[in-house]
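Q: Contents of run.txt (compact mmCIF, C-alpha atoms) are given next:
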# COMPACT_ATOMS: atom_id res chain seq x y z
CA MET J 1 11.46 -13.86 26.61
CA ILE J 2 11.22 -16.93 24.40
CA SER J 3 8.13 -17.55 22.29
CA LEU J 4 7.44 -21.10 21.14
CA ILE J 5 4.99 -21.28 18.22
CA VAL J 6 3.14 -24.57 17.74
CA PRO J 7 0.40 -25.06 15.08
CA ILE J 8 -2.30 -27.51 16.12
CA TYR J 9 -4.81 -29.32 13.94
CA ASN J 10 -6.77 -32.16 15.55
CA GLU J 11 -4.04 -33.27 17.96
CA GLU J 12 -6.13 -34.04 21.06
CA GLU J 13 -4.26 -37.29 21.70
CA LEU J 14 -0.89 -35.67 22.36
CA ILE J 15 -1.59 -32.13 23.58
CA LEU J 16 -1.00 -32.88 27.26
CA GLU J 17 2.34 -34.58 26.57
CA LEU J 18 3.29 -31.79 24.16
CA ILE J 19 2.67 -29.12 26.81
CA GLN J 20 4.42 -31.07 29.56
CA ARG J 21 7.58 -31.65 27.53
CA SER J 22 7.64 -28.12 26.09
CA VAL J 23 7.24 -26.43 29.48
CA ALA J 24 9.91 -28.66 31.06
CA SER J 25 12.34 -27.88 28.24
CA LEU J 26 11.74 -24.12 28.25
CA ASN J 27 12.18 -24.01 32.03
CA LEU J 28 15.75 -25.22 31.48
CA THR J 29 16.59 -22.03 29.54
CA GLY J 30 16.20 -19.92 32.70
CA GLN J 31 14.25 -17.31 30.73
CA ASP J 32 10.64 -16.19 30.71
CA PHE J 33 8.66 -17.85 27.95
CA GLU J 34 5.30 -18.21 26.30
CA ILE J 35 3.90 -21.12 24.31
CA LEU J 36 1.67 -19.81 21.54
CA PHE J 37 -0.57 -22.52 20.11
CA ILE J 38 -2.24 -21.84 16.75
CA ASP J 39 -5.50 -23.76 16.44
CA ASP J 40 -5.79 -24.13 12.66
CA GLY J 41 -9.48 -25.00 12.50
CA SER J 42 -9.43 -28.15 14.67
CA THR J 43 -12.68 -30.13 14.82
CA ASP J 44 -11.81 -32.38 17.77
CA LYS J 45 -11.24 -31.47 21.46
CA SER J 46 -7.88 -29.78 20.87
CA LEU J 47 -9.23 -26.30 21.59
CA GLU J 48 -10.99 -27.43 24.77
CA LEU J 49 -7.86 -29.15 26.09
CA LEU J 50 -5.69 -26.13 25.35
CA LEU J 51 -8.08 -23.78 27.14
CA ASN J 52 -8.12 -26.07 30.18
CA CYS J 53 -4.33 -26.09 30.25
CA GLN J 54 -4.26 -22.30 29.96
CA GLN J 55 -6.31 -22.02 33.14
CA LYS J 56 -3.46 -23.75 34.98
CA ASP J 57 -0.57 -21.93 33.28
CA ASP J 58 -0.97 -18.40 31.91
CA ARG J 59 2.23 -18.79 29.88
CA ILE J 60 0.12 -20.83 27.47
CA LYS J 61 -1.57 -18.64 24.86
CA LEU J 62 -3.93 -19.67 22.12
CA LEU J 63 -4.70 -18.16 18.74
CA THR J 64 -7.68 -19.68 16.92
CA LEU J 65 -8.06 -19.18 13.19
CA SER J 66 -11.45 -18.89 11.54
CA ARG J 67 -10.84 -22.06 9.49
CA ASN J 68 -8.03 -24.33 8.38
CA PHE J 69 -5.59 -22.12 6.44
CA GLY J 70 -2.75 -24.63 6.30
CA HIS J 71 0.50 -25.27 8.07
CA GLN J 72 2.51 -22.36 6.69
CA ALA J 73 -0.26 -19.83 7.29
CA ALA J 74 -0.65 -21.00 10.90
CA TYR J 75 3.06 -20.48 11.52
CA THR J 76 2.80 -17.02 9.97
CA ALA J 77 -0.02 -16.11 12.36
CA GLY J 78 2.11 -17.25 15.29
CA VAL J 79 5.10 -15.22 14.13
CA ASP J 80 2.90 -12.12 13.85
CA TYR J 81 1.52 -12.52 17.39
CA ALA J 82 4.67 -13.70 19.17
CA ALA J 83 5.94 -11.32 21.86
CA GLY J 84 9.32 -12.93 22.58
CA ASP J 85 12.84 -11.72 21.85
CA TYR J 86 13.56 -15.24 20.62
CA VAL J 87 10.98 -17.14 18.58
CA ALA J 88 11.00 -20.91 18.04
CA LEU J 89 8.90 -22.80 15.49
CA MET J 90 7.96 -26.41 16.21
CA ASP J 91 5.41 -28.82 14.74
CA GLY J 92 2.70 -30.05 17.06
CA ASP J 93 3.18 -33.77 16.45
CA LEU J 94 6.20 -34.23 18.80
CA GLN J 95 8.36 -35.57 15.99
CA ASP J 96 10.58 -32.54 16.57
CA PRO J 97 11.83 -32.97 20.18
CA PRO J 98 11.20 -29.90 22.38
CA GLU J 99 14.15 -31.02 24.49
CA LEU J 100 16.41 -29.35 21.89
CA LEU J 101 15.00 -25.87 22.56
CA PRO J 102 17.45 -25.06 25.43
CA GLU J 103 20.40 -25.93 23.17
CA MET J 104 19.00 -23.76 20.36
CA TYR J 105 18.64 -20.85 22.77
CA LYS J 106 22.17 -21.36 24.07
CA MET J 107 23.53 -21.20 20.51
CA LEU J 108 21.76 -17.87 19.93
CA ALA J 109 22.34 -16.28 23.34
CA ASP J 110 25.95 -15.18 22.72
CA GLY J 111 24.87 -13.03 19.74
CA GLN J 112 27.11 -14.73 17.17
CA LEU J 113 24.17 -16.32 15.33
CA ASP J 114 20.68 -15.17 14.38
CA ILE J 115 18.94 -18.38 13.27
CA ILE J 116 19.28 -22.01 14.32
CA ASN J 117 17.71 -24.56 11.98
CA GLY J 118 16.93 -28.11 13.01
CA TYR J 119 18.75 -30.47 10.63
CA ARG J 120 17.18 -33.91 10.28
CA LYS J 121 19.89 -36.56 10.30
CA SER J 122 17.20 -39.16 9.67
CA ASN J 123 13.46 -39.52 9.94
CA ALA J 124 11.75 -42.37 11.78
CA SER J 125 8.41 -41.92 10.01
CA ASN J 126 6.94 -43.62 6.93
CA LYS J 127 9.66 -44.95 4.58
CA SER J 128 7.92 -44.00 1.34
CA ARG J 129 7.37 -40.48 2.67
CA ASN J 130 11.03 -40.31 3.68
CA ILE J 131 12.11 -41.21 0.15
CA CYS J 132 9.86 -38.51 -1.33
CA THR J 133 11.07 -35.95 1.22
CA ARG J 134 14.74 -36.70 0.55
CA LEU J 135 14.15 -36.54 -3.19
CA PHE J 136 12.46 -33.16 -2.84
CA HIS J 137 15.25 -31.73 -0.67
CA CYS J 138 17.87 -33.00 -3.10
CA VAL J 139 16.09 -31.50 -6.12
CA PHE J 140 15.13 -28.26 -4.40
CA GLY J 141 18.62 -27.70 -2.99
CA ASN J 142 20.11 -28.01 -6.46
CA ILE J 143 17.62 -26.01 -8.54
CA SER J 144 17.18 -23.09 -6.13
CA ASN J 145 19.74 -20.57 -4.97
CA LEU J 146 19.20 -21.75 -1.39
CA LYS J 147 21.88 -24.35 -0.82
CA GLU J 148 21.40 -24.65 2.94
CA VAL J 149 17.79 -25.86 3.03
CA GLN J 150 18.38 -29.57 2.50
CA HIS J 151 17.01 -31.71 5.36
CA ILE J 152 15.73 -28.57 7.11
CA GLY J 153 12.07 -28.18 8.04
CA ASN J 154 10.05 -25.81 10.22
CA PHE J 155 11.83 -26.65 13.50
CA SER J 156 13.99 -23.60 14.24
CA MET J 157 14.68 -20.63 16.51
CA MET J 158 15.55 -17.04 15.58
CA ASN J 159 16.40 -13.85 17.42
CA LYS J 160 14.61 -10.50 17.25
CA SER J 161 16.62 -9.12 14.33
CA ALA J 162 15.92 -12.12 12.14
CA LEU J 163 12.30 -12.17 13.29
CA ASN J 164 11.72 -8.54 12.25
CA ALA J 165 13.16 -9.27 8.81
CA PHE J 166 11.13 -12.48 8.51
CA ARG J 167 7.91 -10.62 9.31
CA GLN J 168 8.41 -8.37 6.28
CA LEU J 169 7.95 -11.30 3.88
CA ARG J 170 4.22 -11.30 3.15
CA GLU J 171 3.86 -13.38 -0.02
CA LYS J 172 0.83 -15.66 -0.07
CA THR J 173 2.70 -18.71 -1.39
CA ARG J 174 4.88 -19.56 1.58
CA TYR J 175 7.65 -22.07 2.21
CA LEU J 176 9.12 -21.12 5.58
CA PRO J 177 12.49 -22.93 5.41
CA GLY J 178 13.18 -21.12 2.15
CA LEU J 179 12.03 -17.76 3.52
CA ARG J 180 14.27 -18.13 6.60
CA ASN J 181 17.22 -18.76 4.32
CA LEU J 182 16.24 -15.92 1.99
CA ILE J 183 16.60 -13.17 4.61
CA GLY J 184 20.31 -13.97 4.77
CA PHE J 185 21.03 -13.67 8.50
CA ARG J 186 23.79 -15.63 10.23
CA SER J 187 22.55 -19.17 10.68
CA SER J 188 23.70 -22.59 11.81
CA ILE J 189 22.20 -26.04 12.16
CA LEU J 190 21.47 -28.38 15.05
CA LYS J 191 21.40 -32.01 13.97
CA TYR J 192 18.79 -34.32 15.46
CA GLN J 193 16.94 -37.56 14.91
CA ARG J 194 13.31 -36.92 13.93
CA GLU J 195 11.17 -39.16 16.12
CA GLU J 196 8.38 -41.44 15.04
CA ARG J 197 4.87 -40.19 15.63
CA GLU J 198 3.42 -42.05 18.63
CA HIS J 199 -0.16 -40.74 18.68
CA GLY J 200 -2.63 -40.06 15.90
CA ASN J 201 -1.98 -39.77 12.19
CA SER J 202 -0.08 -37.19 10.22
CA LYS J 203 -2.26 -34.29 9.06
CA MET J 204 0.04 -33.65 6.10
CA SER J 205 -1.07 -36.06 3.39
CA MET J 206 1.07 -36.87 0.38
CA LYS J 207 -1.14 -34.49 -1.61
CA ASN J 208 -0.42 -31.66 0.86
CA LEU J 209 3.31 -32.41 0.79
CA PHE J 210 3.28 -32.43 -3.01
CA GLU J 211 1.52 -29.05 -3.10
CA LEU J 212 4.02 -27.64 -0.60
CA ALA J 213 6.87 -28.96 -2.75
CA LEU J 214 5.41 -27.23 -5.83
CA ASP J 215 5.03 -23.98 -3.88
CA ALA J 216 8.68 -24.19 -2.85
CA ILE J 217 9.93 -24.93 -6.37
CA PHE J 218 7.85 -22.30 -8.16
CA SER J 219 8.62 -19.67 -5.49
CA PHE J 220 12.40 -20.10 -5.38
CA SER J 221 13.42 -21.43 -8.79
CA LYS J 222 13.07 -20.46 -12.45
CA LEU J 223 14.03 -23.96 -13.58
CA PRO J 224 10.48 -24.83 -14.77
CA LEU J 225 10.63 -21.89 -17.20
CA LYS J 226 14.12 -22.91 -18.29
CA PHE J 227 12.76 -26.42 -18.85
CA CYS J 228 10.14 -24.97 -21.22
CA LEU J 229 12.85 -23.13 -23.16
CA PHE J 230 15.06 -26.24 -23.29
CA MET J 231 12.22 -28.46 -24.52
CA GLY J 232 11.25 -25.85 -27.13
CA VAL J 233 14.80 -25.75 -28.49
CA LEU J 234 14.98 -29.55 -28.40
CA GLY J 235 11.71 -29.74 -30.36
CA ILE J 236 13.10 -27.38 -33.01
CA VAL J 237 16.27 -29.44 -33.33
CA CYS J 238 14.31 -32.70 -33.57
CA SER J 239 11.98 -31.21 -36.19
CA PHE J 240 14.96 -29.98 -38.21
CA LEU J 241 16.64 -33.40 -38.12
CA ALA J 242 13.34 -35.12 -38.94
CA GLY J 243 12.94 -32.81 -41.95
CA ILE J 244 16.39 -33.76 -43.22
CA TYR J 245 15.60 -37.46 -42.72
CA ILE J 246 12.32 -37.16 -44.64
CA LEU J 247 14.01 -35.39 -47.58
CA LEU J 248 16.75 -38.01 -47.75
CA SER J 249 14.22 -40.83 -47.45
CA LYS J 250 12.14 -39.46 -50.31
CA SER J 251 15.26 -39.02 -52.43
CA PHE J 252 16.22 -42.69 -52.00
CA GLY J 253 12.68 -44.01 -52.13
CA LEU J 254 12.69 -45.08 -48.47
CA SER J 255 9.89 -42.82 -47.28
CA PRO J 256 7.60 -44.73 -44.86
CA LEU J 257 4.01 -45.31 -45.87
CA GLY J 258 1.02 -44.05 -43.90
CA TRP J 259 0.53 -41.30 -41.35
CA SER J 260 2.24 -42.87 -38.31
CA SER J 261 5.24 -40.54 -38.41
CA THR J 262 3.01 -37.49 -38.89
CA MET J 263 0.69 -38.39 -36.02
CA THR J 264 3.64 -39.18 -33.76
CA SER J 265 5.10 -35.73 -34.43
CA ILE J 266 1.75 -34.06 -33.76
CA TYR J 267 1.24 -35.88 -30.48
CA PHE J 268 4.82 -35.15 -29.40
CA LEU J 269 4.61 -31.42 -30.09
CA GLY J 270 1.08 -31.22 -28.65
CA SER J 271 2.21 -32.87 -25.42
CA ILE J 272 5.11 -30.41 -25.10
CA GLN J 273 2.73 -27.50 -25.57
CA LEU J 274 0.40 -28.84 -22.87
CA VAL J 275 3.34 -29.19 -20.47
CA PHE J 276 4.34 -25.59 -21.24
CA LEU J 277 0.79 -24.36 -20.61
CA GLY J 278 0.66 -26.25 -17.31
CA ILE J 279 3.94 -24.75 -16.09
CA LEU J 280 2.96 -21.24 -17.17
CA GLY J 281 -0.43 -21.77 -15.54
CA GLU J 282 1.26 -22.54 -12.20
CA TYR J 283 3.16 -19.26 -12.35
CA ILE J 284 0.11 -17.29 -13.54
CA PHE J 285 -2.01 -18.72 -10.71
CA ARG J 286 0.57 -17.65 -8.14
CA ILE J 287 0.78 -14.20 -9.69
CA TYR J 288 -3.01 -13.97 -9.57
CA ARG J 289 -3.07 -15.03 -5.92
CA GLU J 290 -0.50 -12.38 -5.03
CA SER J 291 -2.40 -9.71 -6.96
CA GLN J 292 -5.58 -10.49 -5.00
CA ASN J 293 -3.67 -9.47 -1.86
CA ARG J 294 -5.95 -11.43 0.44
CA PRO J 295 -4.84 -11.86 4.07
CA ILE J 296 -2.81 -14.99 4.75
CA TYR J 297 -5.13 -15.93 7.64
CA PHE J 298 -8.09 -14.66 9.70
CA VAL J 299 -8.06 -14.77 13.51
CA ARG J 300 -11.23 -15.81 15.27
CA GLU J 301 -10.00 -15.19 18.83
CA PHE J 302 -6.77 -14.66 20.77
CA TYR J 303 -6.79 -16.22 24.24
CA ASN J 304 -4.23 -14.43 26.40
CA LYS J 305 -4.93 -14.38 30.15
CA ASN J 306 -2.29 -11.69 30.78
CA VAL J 307 -3.86 -9.25 28.32
CA ASN J 308 -7.38 -9.97 29.57
CA ALA J 309 -6.30 -9.41 33.19
CA ALA J 310 -4.64 -6.08 32.29
CA GLU J 311 -7.79 -4.91 30.47
CA ASN J 312 -9.96 -5.78 33.46
CA GLU J 313 -7.71 -3.78 35.79
Is it possible to express this structure as structure tokens?
A:
Amino acid sequence: MISLIVPIYNEEELILELIQRSVASLNLTGQDFEILFIDDGSTDKSLELLLNCQQKDDRIKLLTLSRNFGHQAAYTAGVDYAAGDYVALMDGDLQDPPELLPEMYKMLADGQLDIINGYRKSNASNKSRNICTRLFHCVFGNISNLKEVQHIGNFSMMNKSALNAFRQLREKTRYLPGLRNLIGFRSSILKYQREEREHGNSKMSMKNLFELALDAIFSFSKLPLKFCLFMGVLGIVCSFLAGIYILLSKSFGLSPLGWSSTMTSIYFLGSIQLVFLGILGEYIFRIYRESQNRPIYFVREFYNKNVNAAENE
């Protein structure tokens, strides 16, 4: 069976089209399937529409979270509850075309691969966001040990072996494309054109994307700490050279008057120290969050007509 996991947050305008296209695409695989929607604290009619659709098709299942836990947590909940031998992840905004799901399944079915990642050839959405996204992927691909994550997002499919390994990763700071790459299973890419969003507005603001980028960088790279070390060494070298300059200036009577040089040095070193504290604070906060060991999400209710029918019998 194939499980398609789709997080939903206030997407009432496109749910019907999303279900129609997803069902039509999964039917082409010739396999049994389920579509597991994760309602991540929606405040519009998304939940009502999904429940109405479930009454017509029991292959639609719905997991509602107690509040909005975020995109990555919603995907994690879906992975934990998925019952399929193949599990696909897809955003709920229809920018990732569900019509590619049969091809992903076909690439996995012969057993030569474990994970298929959707590779974005280009993105038809906001240009400024595209520039930021490309910049992030370029930086992240070079500073982390995960060279195959550039232009790869959540859109993917994995088999049971990869899924079982993926489920073992329980850190609270989550970046799913990086985690899929981290488990090290045989993977390939499927290139596609990311479509423009036709209905509603993106629920991932620039602030959310920036926070996700920081989570990815601090989780998979030690470059920020290396940057602190580099700047510290650079500060020592600059101070040493400045000391030599001051001694030579005094010897030749060229020493500058006033406190401008002193204050400049103080502000420079103070700024470096604040940057260091900020970087260390990011790591300490993530360590603290892991040490709290709080659940990644809380489930309010799981709507599964098949399970309810079996319990009634």
Q: Quick check, in Å to one decimal: how far apart do atom CA of J:Gly243 and atom CA of J:Leu229 lie?
A: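 These two atoms are separated by 21.1 Å.
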Q: For stretch 172-175 of chain J, please output as a list in words all residues within 10 Å (counting all atoms listed in the file; exclusion window: fewer than 6 positions along the same chain).
A: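 Counting only the stated atoms, we get His71, Gln72, Ala73, Thr76, Gly153, Asn154, Leu212, Ala213, Leu214, Asp215, Ala216, Ile217, Phe218, Ser219, Phe220, Arg286, Ile287, Arg289, Glu290, Ser291, Gln292, Asn293, Arg294, Pro295, Ile296 and Tyr297 of chain J.
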Q: Using only C-alpha atoms, which residues of stretch 52-119 of chain J come within 10 Å of stretch 26-33 of chain J, and what is the closest atom pair for each, with the distance in Å to one decimal? Give it as a Markdown table, sorted by chain and residue number.
A:
| residue | atom | partner | partner_atom | distance |
| --- | --- | --- | --- | --- |
| J:Arg59 | CA | J:Phe33 | CA | 6.8 |
| J:Ile60 | CA | J:Phe33 | CA | 9.1 |
| J:Ala83 | CA | J:Phe33 | CA | 9.3 |
| J:Gly84 | CA | J:Phe33 | CA | 7.3 |
| J:Asp85 | CA | J:Phe33 | CA | 9.6 |
| J:Tyr86 | CA | J:Phe33 | CA | 9.2 |
| J:Val87 | CA | J:Phe33 | CA | 9.7 |
| J:Pro98 | CA | J:Leu26 | CA | 8.3 |
| J:Glu99 | CA | J:Leu26 | CA | 8.2 |
| J:Leu100 | CA | J:Leu26 | CA | 9.5 |
| J:Leu101 | CA | J:Leu26 | CA | 6.8 |
| J:Pro102 | CA | J:Thr29 | CA | 5.2 |
| J:Glu103 | CA | J:Thr29 | CA | 8.4 |
| J:Met104 | CA | J:Thr29 | CA | 9.6 |
| J:Tyr105 | CA | J:Thr29 | CA | 7.2 |
| J:Lys106 | CA | J:Thr29 | CA | 7.8 |
Q: Could you check the closest approach to J:Leu51 for each of J:Gly70, J:Ile15, J:Gly232, J:Gln273 and tell me which residue wins, using only C-alpha atoms?
A: J:Ile15
Q: For a test of reading the model, state the distance in Å between atom CA of J:Met158 and atom CA of J:Tyr119, rounded to one decimal.
A: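 Result for atom CA of J:Met158 versus atom CA of J:Tyr119: 14.7 Å, one decimal.
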Q: Measuring between only C-alpha atoms, which one of J:Leu94, J:Leu225, J:Ile246, J:Ile35 shows the shortest distance to J:Arg194?
A: J:Leu94
Q: Using all atoms listed in the file, which of J:Tyr245, J:Phe69, J:Phe155, J:Phe227 sits nearest J:Leu176?
A: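 When distances to J:Leu176 are compared using all atoms listed in the file, the smallest one comes from J:Phe155.
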Q: I'd like the interatomic distance between atom CA of J:Phe240 and atom CA of J:Gly281, to a tenth of an Å.
A: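 Spanning atom CA of J:Phe240 to atom CA of J:Gly281 is a straight-line distance of 28.6 Å.
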Q: From the options J:Ser42, J:Ser156, J:Gln55, J:Ser251, which residue's atoms come nearest to J:Leu4, counting all atoms listed in the file?
A: J:Ser156
